[in-house]
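Just run07.txt here, compact mmCIF, C-alpha atoms:
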```txt
# COMPACT_ATOMS: atom_id res chain seq x y z
CA MET S 253 76.42 223.37 83.89
CA GLY S 254 77.42 226.68 82.28
CA ILE S 255 75.31 229.46 80.82
CA ALA S 256 74.10 228.58 77.32
CA LYS S 257 75.55 230.71 74.54
CA ASN S 258 72.11 231.55 73.18
CA VAL S 259 71.24 233.12 76.57
CA ILE S 260 74.35 235.29 76.46
CA LYS S 261 73.54 236.27 72.88
CA GLN S 262 70.00 237.28 73.82
CA CYS S 263 71.27 239.37 76.73
CA ILE S 264 73.72 241.18 74.45
CA ILE S 265 71.06 241.88 71.80
CA ASP S 266 68.46 243.05 74.35
CA LYS S 267 70.96 245.42 75.96
CA ARG S 268 71.99 246.80 72.58
CA GLU S 269 68.36 247.60 71.74
CA GLU S 270 67.77 249.15 75.17
CA ILE S 271 70.79 251.45 74.90
CA ALA S 272 69.76 252.65 71.43
CA SER S 273 66.53 254.07 72.88
CA LEU S 274 68.07 255.86 75.88
CA ASP S 275 68.49 259.60 76.32
CA VAL S 276 71.75 259.94 78.24
CA VAL S 277 72.52 263.04 80.32
CA GLU S 278 76.29 263.35 80.13
CA ARG S 279 78.26 264.10 83.27
CA PRO S 280 81.41 266.27 83.32
CA PHE S 281 83.94 263.45 83.04
CA VAL S 282 86.79 263.21 80.55
CA PHE S 283 87.69 259.68 79.48
CA GLU S 284 91.26 258.78 78.60
CA ASP S 285 91.22 257.05 75.20
CA CYS S 286 93.92 254.56 76.12
CA ALA S 287 92.66 253.70 79.62
CA ASN S 288 90.53 250.94 81.13
CA TYR S 289 88.12 251.98 83.88
CA VAL S 290 86.44 250.59 86.98
CA PHE S 291 83.48 252.73 88.13
CA VAL S 292 82.37 252.08 91.70
CA GLY S 293 79.64 253.56 93.87
CA LEU S 294 76.27 253.18 95.54
CA ARG S 295 73.49 251.21 93.88
CA ARG S 296 71.51 253.42 91.42
CA VAL S 297 74.04 256.26 91.63
CA GLY S 298 74.54 256.38 87.88
CA LYS S 299 77.49 254.05 87.23
CA THR S 300 75.74 252.33 84.33
CA TYR S 301 75.03 255.68 82.72
CA MET S 302 78.76 256.41 82.80
CA LEU S 303 79.13 253.37 80.57
CA TYR S 304 76.30 254.59 78.33
CA GLN S 305 77.97 257.99 78.14
CA ARG S 306 81.27 256.47 77.01
CA LEU S 307 79.56 254.12 74.57
CA ASN S 308 77.73 257.02 72.91
CA GLN S 309 80.98 258.97 72.67
CA LEU S 310 82.63 256.05 70.90
CA LEU S 311 79.74 255.74 68.45
CA ARG S 312 79.96 259.46 67.68
CA ASN S 313 83.68 259.00 67.07
CA GLY S 314 82.99 256.41 64.40
CA ILE S 315 83.30 253.12 66.27
CA ASP S 316 81.03 250.49 64.71
CA ARG S 317 78.27 249.26 67.04
CA LYS S 318 79.14 245.64 66.25
CA ASP S 319 82.59 246.23 67.75
CA ILE S 320 81.07 247.08 71.15
CA LEU S 321 80.04 244.40 73.65
CA PHE S 322 77.85 245.48 76.59
CA LEU S 323 76.67 243.01 79.22
CA ASN S 324 74.76 243.60 82.47
CA PHE S 325 75.59 240.96 85.06
CA GLU S 326 72.53 241.83 87.14
CA ASP S 327 70.37 240.39 84.37
CA GLU S 328 68.58 237.48 86.04
CA ARG S 329 69.35 235.29 83.02
CA LEU S 330 73.03 235.51 83.97
CA SER S 331 72.55 234.99 87.71
CA GLU S 332 74.21 231.55 87.65
CA MET S 333 77.21 232.63 85.60
CA GLN S 334 80.52 231.37 86.92
CA SER S 335 84.06 232.41 86.11
CA ASP S 336 84.36 229.44 83.74
CA ASP S 337 81.53 230.93 81.65
CA LEU S 338 83.15 234.32 81.14
CA ASN S 339 85.19 233.37 78.10
CA SER S 340 81.96 232.28 76.38
CA ILE S 341 81.03 235.98 76.25
CA LEU S 342 83.87 236.64 73.81
CA GLU S 343 83.06 233.52 71.80
CA VAL S 344 79.46 234.67 71.38
CA HIS S 345 80.56 238.16 70.36
CA TYR S 346 82.94 236.93 67.65
CA GLU S 347 80.26 234.59 66.32
CA MET S 348 77.77 237.49 66.19
CA SER S 349 80.10 240.08 64.69
CA GLY S 350 81.80 237.92 62.11
CA SER S 351 84.93 239.99 62.73
CA ASP S 352 88.22 239.32 64.46
CA THR S 353 88.45 242.94 65.69
CA LYS S 354 88.81 243.08 69.47
CA PRO S 355 85.53 244.49 70.86
CA ILE S 356 85.40 247.35 73.35
CA LEU S 357 83.98 245.71 76.46
CA PHE S 358 81.42 247.14 78.89
CA PHE S 359 80.76 244.92 81.92
CA ASP S 360 78.06 246.26 84.26
CA GLU S 361 78.04 244.99 87.91
CA ILE S 362 80.54 242.27 87.06
CA GLN S 363 81.41 241.77 90.74
CA ASN S 364 78.43 239.39 90.84
CA VAL S 365 80.72 236.79 89.20
CA ASN S 366 83.47 235.37 91.40
CA HIS S 367 87.03 235.89 90.16
CA TRP S 368 85.88 238.46 87.61
CA ASP S 369 89.08 240.42 88.23
CA LYS S 370 91.34 237.68 86.89
CA PHE S 371 89.24 237.52 83.71
CA VAL S 372 89.35 241.25 83.00
CA ARG S 373 93.06 241.40 83.90
CA ARG S 374 93.75 238.73 81.30
CA LEU S 375 91.76 240.68 78.71
CA ALA S 376 93.57 243.90 79.61
CA ASP S 377 96.89 242.11 79.17
CA SER S 378 95.62 241.03 75.74
CA LYS S 379 95.04 244.71 74.82
CA TYR S 380 91.25 244.77 75.09
CA THR S 381 89.69 248.07 76.16
CA ILE S 382 87.40 247.46 79.14
CA TYR S 383 84.93 249.50 81.20
CA VAL S 384 83.62 247.92 84.42
CA THR S 385 81.12 248.97 87.11
CA GLY S 386 80.44 247.63 90.58
CA SER S 387 78.41 248.54 93.66
CA ASN S 388 80.67 247.03 96.27
CA ALA S 389 84.02 248.27 97.54
CA LYS S 390 85.36 244.72 97.29
CA MET S 391 86.07 245.96 93.79
CA LEU S 392 88.79 248.02 95.49
CA SER S 393 90.12 245.36 97.86
CA SER S 394 93.86 244.83 97.98
CA ASP S 395 93.50 241.44 96.29
CA VAL S 396 91.56 242.90 93.36
CA ALA S 397 93.91 245.88 93.06
CA THR S 398 96.86 243.51 92.99
CA THR S 399 95.23 241.36 90.32
CA LEU S 400 94.35 244.33 88.13
CA GLY S 401 97.98 245.31 88.35
CA GLY S 402 97.58 248.99 87.52
CA ARG S 403 95.77 248.21 84.28
CA PHE S 404 92.63 250.13 85.33
CA LEU S 405 91.78 253.62 86.50
CA ILE S 406 89.36 253.45 89.44
CA TYR S 407 86.75 256.21 89.66
CA ASP S 408 84.24 256.89 92.45
CA VAL S 409 80.78 257.74 91.10
CA PHE S 410 78.87 260.10 93.39
CA PRO S 411 75.23 261.21 93.17
CA TYR S 412 74.47 264.17 90.93
CA SER S 413 75.78 267.54 92.04
CA PHE S 414 73.12 270.25 92.09
CA GLU S 415 74.36 271.53 88.74
CA GLU S 416 74.19 268.04 87.24
CA GLN S 417 70.64 267.59 88.48
CA LEU S 418 69.63 270.92 86.98
CA LYS S 419 71.10 269.77 83.67
CA ALA S 420 69.12 266.53 83.92
CA ARG S 421 65.99 268.65 84.46
CA ASN S 422 66.92 270.77 81.41
CA VAL S 423 67.23 273.84 83.62
CA ASP S 424 69.82 276.40 82.49
CA ILE S 425 71.62 278.53 85.09
CA ASP S 426 71.57 282.20 84.12
CA GLU S 427 74.73 283.99 85.23
CA ASP S 428 72.57 286.77 86.67
CA TRP S 429 70.06 284.52 88.43
CA LYS S 430 70.80 286.13 91.80
CA PHE S 431 69.52 289.47 90.52
CA SER S 432 66.17 288.15 89.29
CA THR S 433 63.48 287.62 91.92
CA ILE S 434 61.71 285.01 89.80
CA GLN S 435 64.88 283.07 88.92
CA GLN S 436 66.14 283.23 92.48
CA SER S 437 62.84 281.86 93.74
CA LYS S 438 62.95 279.00 91.25
CA MET S 439 66.57 278.20 92.07
CA ASN S 440 65.85 278.15 95.80
CA ALA S 441 62.91 275.77 95.21
CA TYR S 442 65.02 273.43 93.08
CA PHE S 443 67.81 273.45 95.65
CA SER S 444 65.50 272.86 98.62
CA GLU S 445 64.16 269.74 96.92
CA TYR S 446 67.67 268.57 95.99
CA PHE S 447 68.91 269.24 99.53
CA LYS S 448 66.11 267.17 101.06
CA TYR S 449 65.85 264.29 98.59
CA GLY S 450 69.41 264.04 97.32
CA GLY S 451 71.05 263.61 93.96
CA LEU S 452 70.42 260.04 92.84
CA PRO S 453 69.70 260.36 89.10
CA GLU S 454 66.32 258.58 89.16
CA ILE S 455 64.86 260.70 91.95
CA ILE S 456 63.72 263.49 89.62
CA ASN S 457 61.33 261.05 87.88
CA TYR S 458 59.40 260.23 91.08
CA LYS S 459 56.60 262.21 92.67
CA ASP S 460 56.74 260.09 95.83
CA LYS S 461 60.46 260.56 96.33
CA ARG S 462 60.54 259.32 99.92
CA SER S 463 59.02 255.95 98.99
CA MET S 464 61.56 255.55 96.19
CA LEU S 465 64.40 256.26 98.62
CA GLN S 466 62.97 253.87 101.23
CA SER S 467 62.76 251.13 98.62
CA LEU S 468 66.35 251.76 97.52
CA TYR S 469 67.61 251.79 101.09
CA GLN S 470 65.97 248.42 101.75
CA LYS S 471 67.77 246.97 98.71
CA ILE S 472 71.09 248.33 99.92
CA TYR S 473 70.48 247.29 103.54
CA LEU S 474 69.04 243.82 102.91
CA GLY S 475 70.92 242.98 99.71
CA ASP S 476 74.22 244.83 99.45
CA ILE S 477 74.91 244.71 103.19
CA CYS S 478 73.05 241.93 105.04
CA ALA S 479 72.72 239.23 102.38
CA ARG S 480 76.10 239.80 100.75
CA ASN S 481 77.92 239.65 104.09
CA ASN S 482 75.80 236.85 105.60
CA ILE S 483 74.72 239.02 108.53
CA ARG S 484 72.58 236.98 110.89
CA ASN S 485 71.49 239.78 113.21
CA SER S 486 70.14 242.28 110.70
CA LYS S 487 68.46 244.22 113.52
CA VAL S 488 71.86 245.24 114.94
CA MET S 489 73.01 246.27 111.47
CA GLY S 490 69.90 248.40 111.07
CA LEU S 491 70.42 250.00 114.48
CA LEU S 492 74.03 250.80 113.62
CA ILE S 493 73.02 252.63 110.44
CA LYS S 494 70.27 254.51 112.29
CA LYS S 495 72.67 255.62 115.03
CA LEU S 496 75.23 256.72 112.45
CA ALA S 497 72.53 258.89 110.87
CA GLU S 498 71.62 260.42 114.21
CA SER S 499 75.31 261.10 115.00
CA VAL S 500 76.31 262.30 111.54
CA LYS S 501 78.05 265.49 112.73
CA GLN S 502 79.94 263.91 115.64
CA PRO S 503 83.27 262.07 115.75
CA THR S 504 82.27 258.54 116.68
CA SER S 505 84.33 255.70 118.13
CA TYR S 506 83.75 251.96 117.91
CA ASN S 507 83.21 251.81 121.68
CA ARG S 508 80.63 254.61 121.60
CA LEU S 509 78.65 252.83 118.89
CA GLN S 510 78.82 249.59 120.85
CA ASN S 511 77.46 251.31 123.97
CA ILE S 512 74.67 253.04 122.04
CA ILE S 513 73.52 249.74 120.52
CA LYS S 514 73.80 247.88 123.84
CA SER S 515 71.62 250.58 125.45
CA THR S 516 68.76 249.41 123.19
CA GLY S 517 69.00 245.91 124.68
CA GLN S 518 70.97 244.35 121.81
CA SER S 519 74.14 242.39 122.54
CA VAL S 520 77.08 243.35 120.32
CA THR S 521 80.88 243.22 120.52
CA VAL S 522 83.31 245.90 119.41
CA ASN S 523 84.60 243.56 116.71
CA THR S 524 81.08 243.16 115.36
CA VAL S 525 80.68 246.94 115.28
CA ILE S 526 83.94 247.21 113.34
CA ASP S 527 82.82 244.55 110.86
CA TYR S 528 79.36 246.05 110.38
CA LEU S 529 80.80 249.52 109.85
CA SER S 530 83.10 248.17 107.16
CA PHE S 531 80.10 246.52 105.45
CA ALA S 532 78.21 249.84 105.42
CA VAL S 533 81.25 251.62 103.98
CA ASP S 534 81.84 248.84 101.43
CA SER S 535 78.28 249.24 100.17
CA TRP S 536 79.04 252.95 99.52
CA LEU S 537 76.21 253.95 101.85
CA ILE S 538 78.55 255.50 104.44
CA LEU S 539 81.42 257.92 103.86
CA PRO S 540 84.06 257.97 106.65
CA ILE S 541 86.29 261.01 107.27
CA GLU S 542 89.36 260.93 109.53
CA ASN S 543 90.68 263.39 112.10
CA GLY S 544 93.70 265.08 110.52
CA PHE S 545 95.10 265.92 113.95
CA ALA S 546 94.94 262.37 115.29
CA LYS S 547 97.88 259.98 115.47
CA ILE S 548 97.86 257.29 112.78
CA GLY S 549 96.74 254.62 115.23
CA GLU S 550 93.80 256.72 116.42
CA ARG S 551 92.56 257.77 112.98
CA GLU S 552 90.96 254.41 112.32
CA SER S 553 89.07 254.08 115.60
CA VAL S 554 87.44 257.54 115.74
CA LYS S 555 85.92 259.04 112.58
CA LYS S 556 83.02 261.08 111.35
CA TYR S 557 80.57 259.06 109.28
CA TYR S 558 78.48 260.75 106.60
CA PHE S 559 75.91 259.35 104.18
CA ILE S 560 76.71 259.36 100.48
CA ASP S 561 73.33 260.93 99.67
CA ASN S 562 71.22 263.46 101.60
CA GLY S 563 68.00 261.77 100.52
CA ILE S 564 68.90 258.48 102.21
CA LEU S 565 70.18 260.23 105.34
CA ASN S 566 66.94 262.20 105.57
CA LEU S 567 64.97 258.95 105.92
CA PHE S 568 66.31 258.65 109.48
CA LEU S 569 66.01 262.24 110.69
CA VAL S 570 63.26 264.41 112.20
CA ASP S 571 64.81 267.87 112.67
CA SER S 572 67.14 267.36 109.74
CA GLU S 573 68.37 270.75 108.48
CA THR S 574 71.65 271.06 110.41
CA SER S 575 72.68 267.45 109.82
CA LEU S 576 71.75 267.57 106.14
CA LEU S 577 73.75 270.77 105.70
CA GLU S 578 76.97 269.30 107.09
CA ASN S 579 76.40 266.02 105.27
CA PHE S 580 75.89 267.91 102.00
CA VAL S 581 79.16 269.81 102.44
CA ALA S 582 81.05 266.60 103.29
CA VAL S 583 79.86 264.75 100.20
CA THR S 584 80.45 267.74 97.92
CA LEU S 585 84.02 268.16 99.17
CA CYS S 586 84.80 264.46 98.85
CA LYS S 587 83.46 264.42 95.32
CA LYS S 588 85.58 267.41 94.29
CA TYR S 589 88.84 266.67 96.10
CA GLY S 590 88.73 262.91 96.72
CA ARG S 591 87.67 261.12 99.89
CA GLU S 592 91.24 260.69 101.13
CA ASN S 593 91.93 264.44 100.81
CA VAL S 594 89.16 265.69 103.11
CA VAL S 595 89.59 265.52 106.90
CA TYR S 596 88.17 267.13 110.02
CA LEU S 597 90.45 268.62 112.67
CA LYS S 598 89.81 267.99 116.34
CA GLY S 599 92.20 269.19 119.02
CA ASP S 600 91.39 271.96 121.49
CA LYS S 601 88.88 273.20 118.93
CA GLU S 602 87.12 271.38 116.13
CA ILE S 603 87.23 272.34 112.45
CA ASP S 604 84.48 270.58 110.50
CA PHE S 605 86.50 270.18 107.28
CA TYR S 606 90.01 270.86 106.07
CA ILE S 607 91.28 270.46 102.50
CA ASP S 608 95.06 270.44 102.29
CA GLU S 609 95.07 270.87 98.49
CA THR S 610 93.58 274.36 98.78
CA ASN S 611 94.61 275.04 102.41
CA THR S 612 90.97 275.70 103.28
CA ALA S 613 89.28 275.30 106.68
CA ILE S 614 85.48 275.17 106.69
CA GLN S 615 82.92 275.37 109.46
CA VAL S 616 79.30 274.43 108.79
CA SER S 617 76.50 276.09 110.77
CA TYR S 618 72.88 276.45 109.73
CA SER S 619 72.89 279.95 111.22
CA ILE S 620 75.35 282.12 113.13
CA LYS S 621 72.81 284.73 114.22
CA ASP S 622 72.99 283.41 117.77
CA ASP S 623 76.01 285.00 119.50
CA SER S 624 77.20 281.81 121.19
CA THR S 625 77.11 279.88 117.91
CA ARG S 626 78.82 282.71 116.07
CA ASN S 627 81.57 282.99 118.66
CA ARG S 628 82.18 279.23 118.67
CA GLU S 629 82.52 278.91 114.89
CA VAL S 630 84.60 282.07 114.46
CA ASP S 631 86.90 281.28 117.40
CA ALA S 632 87.78 277.82 116.07
CA LEU S 633 88.77 279.26 112.69
CA TYR S 634 90.60 282.20 114.23
CA ARG S 635 92.70 279.98 116.51
CA TYR S 636 93.58 277.69 113.63
CA ALA S 637 94.64 280.63 111.43
CA GLN S 638 97.00 281.90 114.13
CA THR S 639 99.25 278.87 113.65
CA ASN S 640 98.62 278.21 109.95
CA ARG S 641 99.60 280.89 107.47
CA ASP S 642 97.61 281.76 104.35
CA VAL S 643 94.75 279.43 105.24
CA LYS S 644 91.38 280.23 103.66
CA LEU S 645 88.62 280.38 106.25
CA MET S 646 84.95 279.86 105.56
CA ILE S 647 81.65 279.32 107.36
CA VAL S 648 78.93 277.72 105.24
CA THR S 649 75.39 278.62 106.38
CA TRP S 650 71.90 278.13 105.02
CA GLU S 651 71.32 281.69 103.85
CA GLU S 652 73.59 284.14 105.69
CA LYS S 653 76.32 286.00 103.81
CA GLU S 654 79.00 288.15 105.40
CA HIS S 655 82.70 289.03 105.29
CA LEU S 656 84.30 288.99 108.75
CA VAL S 657 87.70 290.34 109.77
CA VAL S 658 88.96 289.35 113.22
CA ASP S 659 92.33 290.90 114.16
CA GLY S 660 93.27 291.02 110.50
CA ILE S 661 92.09 287.46 109.77
CA SER S 662 89.41 287.18 107.06
CA ILE S 663 86.51 284.75 107.26
CA GLU S 664 83.92 284.36 104.51
CA VAL S 665 80.37 283.52 105.58
CA VAL S 666 78.70 281.91 102.57
CA PRO S 667 75.13 280.70 101.91
CA ILE S 668 75.02 277.04 100.88
CA LEU S 669 73.54 277.74 97.44
CA ASP S 670 76.26 280.30 96.61
CA TRP S 671 78.90 277.90 97.92
CA THR S 672 77.52 275.08 95.81
CA LEU S 673 77.38 277.00 92.56
CA ASP S 674 80.30 279.40 92.93
CA PHE S 675 82.88 278.36 95.51
CA VAL S 676 82.94 274.65 94.73
CA HIS S 677 82.03 273.90 91.14
CA HIS S 678 83.43 277.04 89.51
CA THR S 679 86.61 277.40 91.54
CA GLU S 680 89.71 275.38 90.77
```
What does this structure look like when you write it as structure tokens?
Amino acid sequence: MGIAKNVIKQCIIDKREEIASLDVVERPFVFEDCANYVFVGLRRVGKTYMLYQRLNQLLRNGIDRKDILFLNFEDERLSEMQSDDLNSILEVHYEMSGSDTKPILFFDEIQNVNHWDKFVRRLADSKYTIYVTGSNAKMLSSDVATTLGGRFLIYDVFPYSFEEQLKARNVDIDEDWKFSTIQQSKMNAYFSEYFKYGGLPEIINYKDKRSMLQSLYQKIYLGDICARNNIRNSKVMGLLIKKLAESVKQPTSYNRLQNIIKSTGQSVTVNTVIDYLSFAVDSWLILPIENGFAKIGERESVKKYYFIDNGILNLFLVDSETSLLENFVAVTLCKKYGRENVVYLKGDKEIDFYIDETNTAIQVSYSIKDDSTRNREVDALYRYAQTNRDVKLMIVTWEEKEHLVVDGISIEVVPILDWTLDFVHHTE
């Protein structure tokens, strides 16, 4: 038995009224007028607000509200919707609008309906304009990509950058903030909170931020990972995520993870580790980065695994500063340059991050005041520069700033806050 049309109608009307009352903080994203979009990312990362942002832009551009159809497939009233019910959505819209104009379609979390991709592909072929969100990387599976047939642009939605969070707080960045003791103090306080609790849009509304993040993690862990993938041994899945958090700066192999979990008394196979890792990545909780020096066959089996948000990673850590710093840099780079364009380099020496697009090698160290730490980080960059011309070299620290020259090779030592505001977001 399908979903009744009056239920679909009520969901459309309720969502329309909800959107009309929202205050949307727009993110720096330029929509192509002729394109269809799929927005993917972690639960509560702000994908829905990307739809709200586009909807408001369309209204400002003169599109009539009755020619927009917005439906949230996480609405419990639609929980039993099947693929056969999807066409009823259009029927309800045309009955409500009294117009034969093709509506602009916004489908939020549509992956909850099986075979959704065939439905939206058919609509795209019929020249509908469609915006879709989803929390699971199955949205990007080869089958779905084949079905969509190049009709959609796929965009990864990351947590707020620091600048975006400041905007959401209605905090303006003064160009001369570094020269004002008061403004510098305020900026450092804002950043310390952001660094510790992450950039999920809702976090700024909570006083008890840790409890909010714990609740969200449980939804991702139990719902998006365990329940969705029918994981029977959720304890092993939980251990895997915990061990990834504790090893966030280290290249990690499937065998190493298996041995770590087995050392806790849990029985697990390498194949199970591989499957569980893929589930964590598919949920957008974990961000894998490959070794750019490794052979193609080895790149898959040994990677660094970062968390998509510092706030969630921090739930698992005690002495967290160094891990959070590297995790923050990883996520920021992946957001700016694309996940596939950021690698680490591990041969005789290890480079934490390399971006081919800008020919930049980056080391991350909380402090290089200690001579052994300083020598290790500088030596790795120096050796790499000897065989790679014109490479930009950088060490990102918590608060140290310095310009080093080693045998004619320049290395910039940059505090994380300067790097965040100047080197990343203002440098093309």
(Q) For a quick check of understanding, using all atoms listed in the file, which of S:Leu576, S:Val292, S:Leu468, S:Leu474 has the smallest distance to Ser393 of chain S? (A) S:Val292
Q | For Val595 of chain S, the nearest of the candidates S:Ile564, S:Val520, S:Ser515, S:Pro503, counting all atoms listed in the file | A |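 That would be S:Pro503, the residue with the smallest distance to Val595 of chain S.
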Q: For Phe404 of chain S, list every protein, DNA or RNA residue within 9 Å, evaluated using only C-alpha atoms, and leave out those in the same chain fewer than 4 positions away; present the list as an MDAnalysis selection string.
A: chainID S and resid 287:290 373 376 382:383 397 400
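Atom CA of Val583 of chain S is positioned 21.3 Å from atom CA of Leu405 of chain S.
Among the candidate residues S:Lys494, S:Lys653, S:Lys555, S:Lys299, the one lying nearest to Asp360 of chain S is S:Lys299, with distances computed using only C-alpha atoms.
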Q. Atom CA of Glu578 of chain S and atom CA of Phe410 of chain S are how many Å apart?
A. 16.6 Å
Q.
Could you list, as an MDAnalysis selection string, every residue within 10 Å of Lys318 of chain S, counting only C-alpha atoms and ignoring same-chain residues fewer than 5 positions away?
A. chainID S and resid 268 345:346 348:351 353 355:356
Q: Extract, using all atoms listed in the file, all DNA, RNA and protein residues at most 10 Å from Phe545 of chain S, discarding same-chain residues fewer than 3 positions from it, and format them as number ranges by chain.
A: S: 542, 548, 550-551, 595-599, 602
Q | 12 Å contact set for segment 296-298 of chain S, all atoms listed in the file, chain neighbours under 3 positions out, as a PyMOL selection string | A | chain S and resi 276-279+291-293+301-305+360-361+385-387+408-413+416-417+450-455+464-465+467-469+471-472+535-537+560-561+564
Filtering to C-alpha atoms, could you give me those residues as a compact mmCIF listing (two decimals), keeping the file's coordinate frame?
```txt
# COMPACT_ATOMS: atom_id res chain seq x y z
CA VAL S 276 71.75 259.94 78.24
CA VAL S 277 72.52 263.04 80.32
CA GLU S 278 76.29 263.35 80.13
CA ARG S 279 78.26 264.10 83.27
CA PHE S 291 83.48 252.73 88.13
CA VAL S 292 82.37 252.08 91.70
CA GLY S 293 79.64 253.56 93.87
CA TYR S 301 75.03 255.68 82.72
CA MET S 302 78.76 256.41 82.80
CA LEU S 303 79.13 253.37 80.57
CA TYR S 304 76.30 254.59 78.33
CA GLN S 305 77.97 257.99 78.14
CA ASP S 360 78.06 246.26 84.26
CA GLU S 361 78.04 244.99 87.91
CA THR S 385 81.12 248.97 87.11
CA GLY S 386 80.44 247.63 90.58
CA SER S 387 78.41 248.54 93.66
CA ASP S 408 84.24 256.89 92.45
CA VAL S 409 80.78 257.74 91.10
CA PHE S 410 78.87 260.10 93.39
CA PRO S 411 75.23 261.21 93.17
CA TYR S 412 74.47 264.17 90.93
CA SER S 413 75.78 267.54 92.04
CA GLU S 416 74.19 268.04 87.24
CA GLN S 417 70.64 267.59 88.48
CA GLY S 450 69.41 264.04 97.32
CA GLY S 451 71.05 263.61 93.96
CA LEU S 452 70.42 260.04 92.84
CA PRO S 453 69.70 260.36 89.10
CA GLU S 454 66.32 258.58 89.16
CA ILE S 455 64.86 260.70 91.95
CA MET S 464 61.56 255.55 96.19
CA LEU S 465 64.40 256.26 98.62
CA SER S 467 62.76 251.13 98.62
CA LEU S 468 66.35 251.76 97.52
CA TYR S 469 67.61 251.79 101.09
CA LYS S 471 67.77 246.97 98.71
CA ILE S 472 71.09 248.33 99.92
CA SER S 535 78.28 249.24 100.17
CA TRP S 536 79.04 252.95 99.52
CA LEU S 537 76.21 253.95 101.85
CA ILE S 560 76.71 259.36 100.48
CA ASP S 561 73.33 260.93 99.67
CA ILE S 564 68.90 258.48 102.21
```
Q | Using all atoms listed in the file: which of S:Ala497, S:Val554, S:Pro280, S:Asn566 has the shortest distance to Arg462 of chain S | A | S:Asn566
Q. Separation of atom CA of Ser335 of chain S and atom CA of Phe371 of chain S, in Å?
A.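 Distance between the two atoms: 7.7 Å.
Selection around (92.2, 272.5, 98.0) with radius 12 Å, counting all atoms listed in the file, yields the residues Leu585, Cys586, Lys588, Tyr589, Gly590, Asn593, Val594, Val595, Phe605, Tyr606, Ile607, Asp608, Glu609, Thr610, Asn611, Thr612, Ala613, Ile614, Val643, Lys644, Leu645, Phe675, Val676, Thr679 and Glu680 of chain S.
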Neighbours of Trp671 of chain S within 12 Å (only C-alpha atoms; same-chain residues fewer than 5 positions away dropped), as a short mmCIF file (atom, residue, chain, number, x, y, z; two decimals) with C-alpha atoms, keeping the file's coordinate frame?
```cif
data_model
loop_
_atom_site.label_atom_id
_atom_site.label_comp_id
_atom_site.auth_asym_id
_atom_site.auth_seq_id
_atom_site.Cartn_x
_atom_site.Cartn_y
_atom_site.Cartn_z
CA PHE S 414 73.12 270.25 92.09
CA LEU S 577 73.75 270.77 105.70
CA PHE S 580 75.89 267.91 102.00
CA VAL S 581 79.16 269.81 102.44
CA THR S 584 80.45 267.74 97.92
CA LEU S 585 84.02 268.16 99.17
CA ILE S 614 85.48 275.17 106.69
CA VAL S 616 79.30 274.43 108.79
CA MET S 646 84.95 279.86 105.56
CA ILE S 647 81.65 279.32 107.36
CA VAL S 648 78.93 277.72 105.24
CA THR S 649 75.39 278.62 106.38
CA TRP S 650 71.90 278.13 105.02
CA GLU S 651 71.32 281.69 103.85
CA GLU S 652 73.59 284.14 105.69
CA LYS S 653 76.32 286.00 103.81
CA GLU S 664 83.92 284.36 104.51
CA VAL S 665 80.37 283.52 105.58
CA VAL S 666 78.70 281.91 102.57
CA VAL S 676 82.94 274.65 94.73
CA HIS S 677 82.03 273.90 91.14
CA HIS S 678 83.43 277.04 89.51
CA THR S 679 86.61 277.40 91.54
#
```
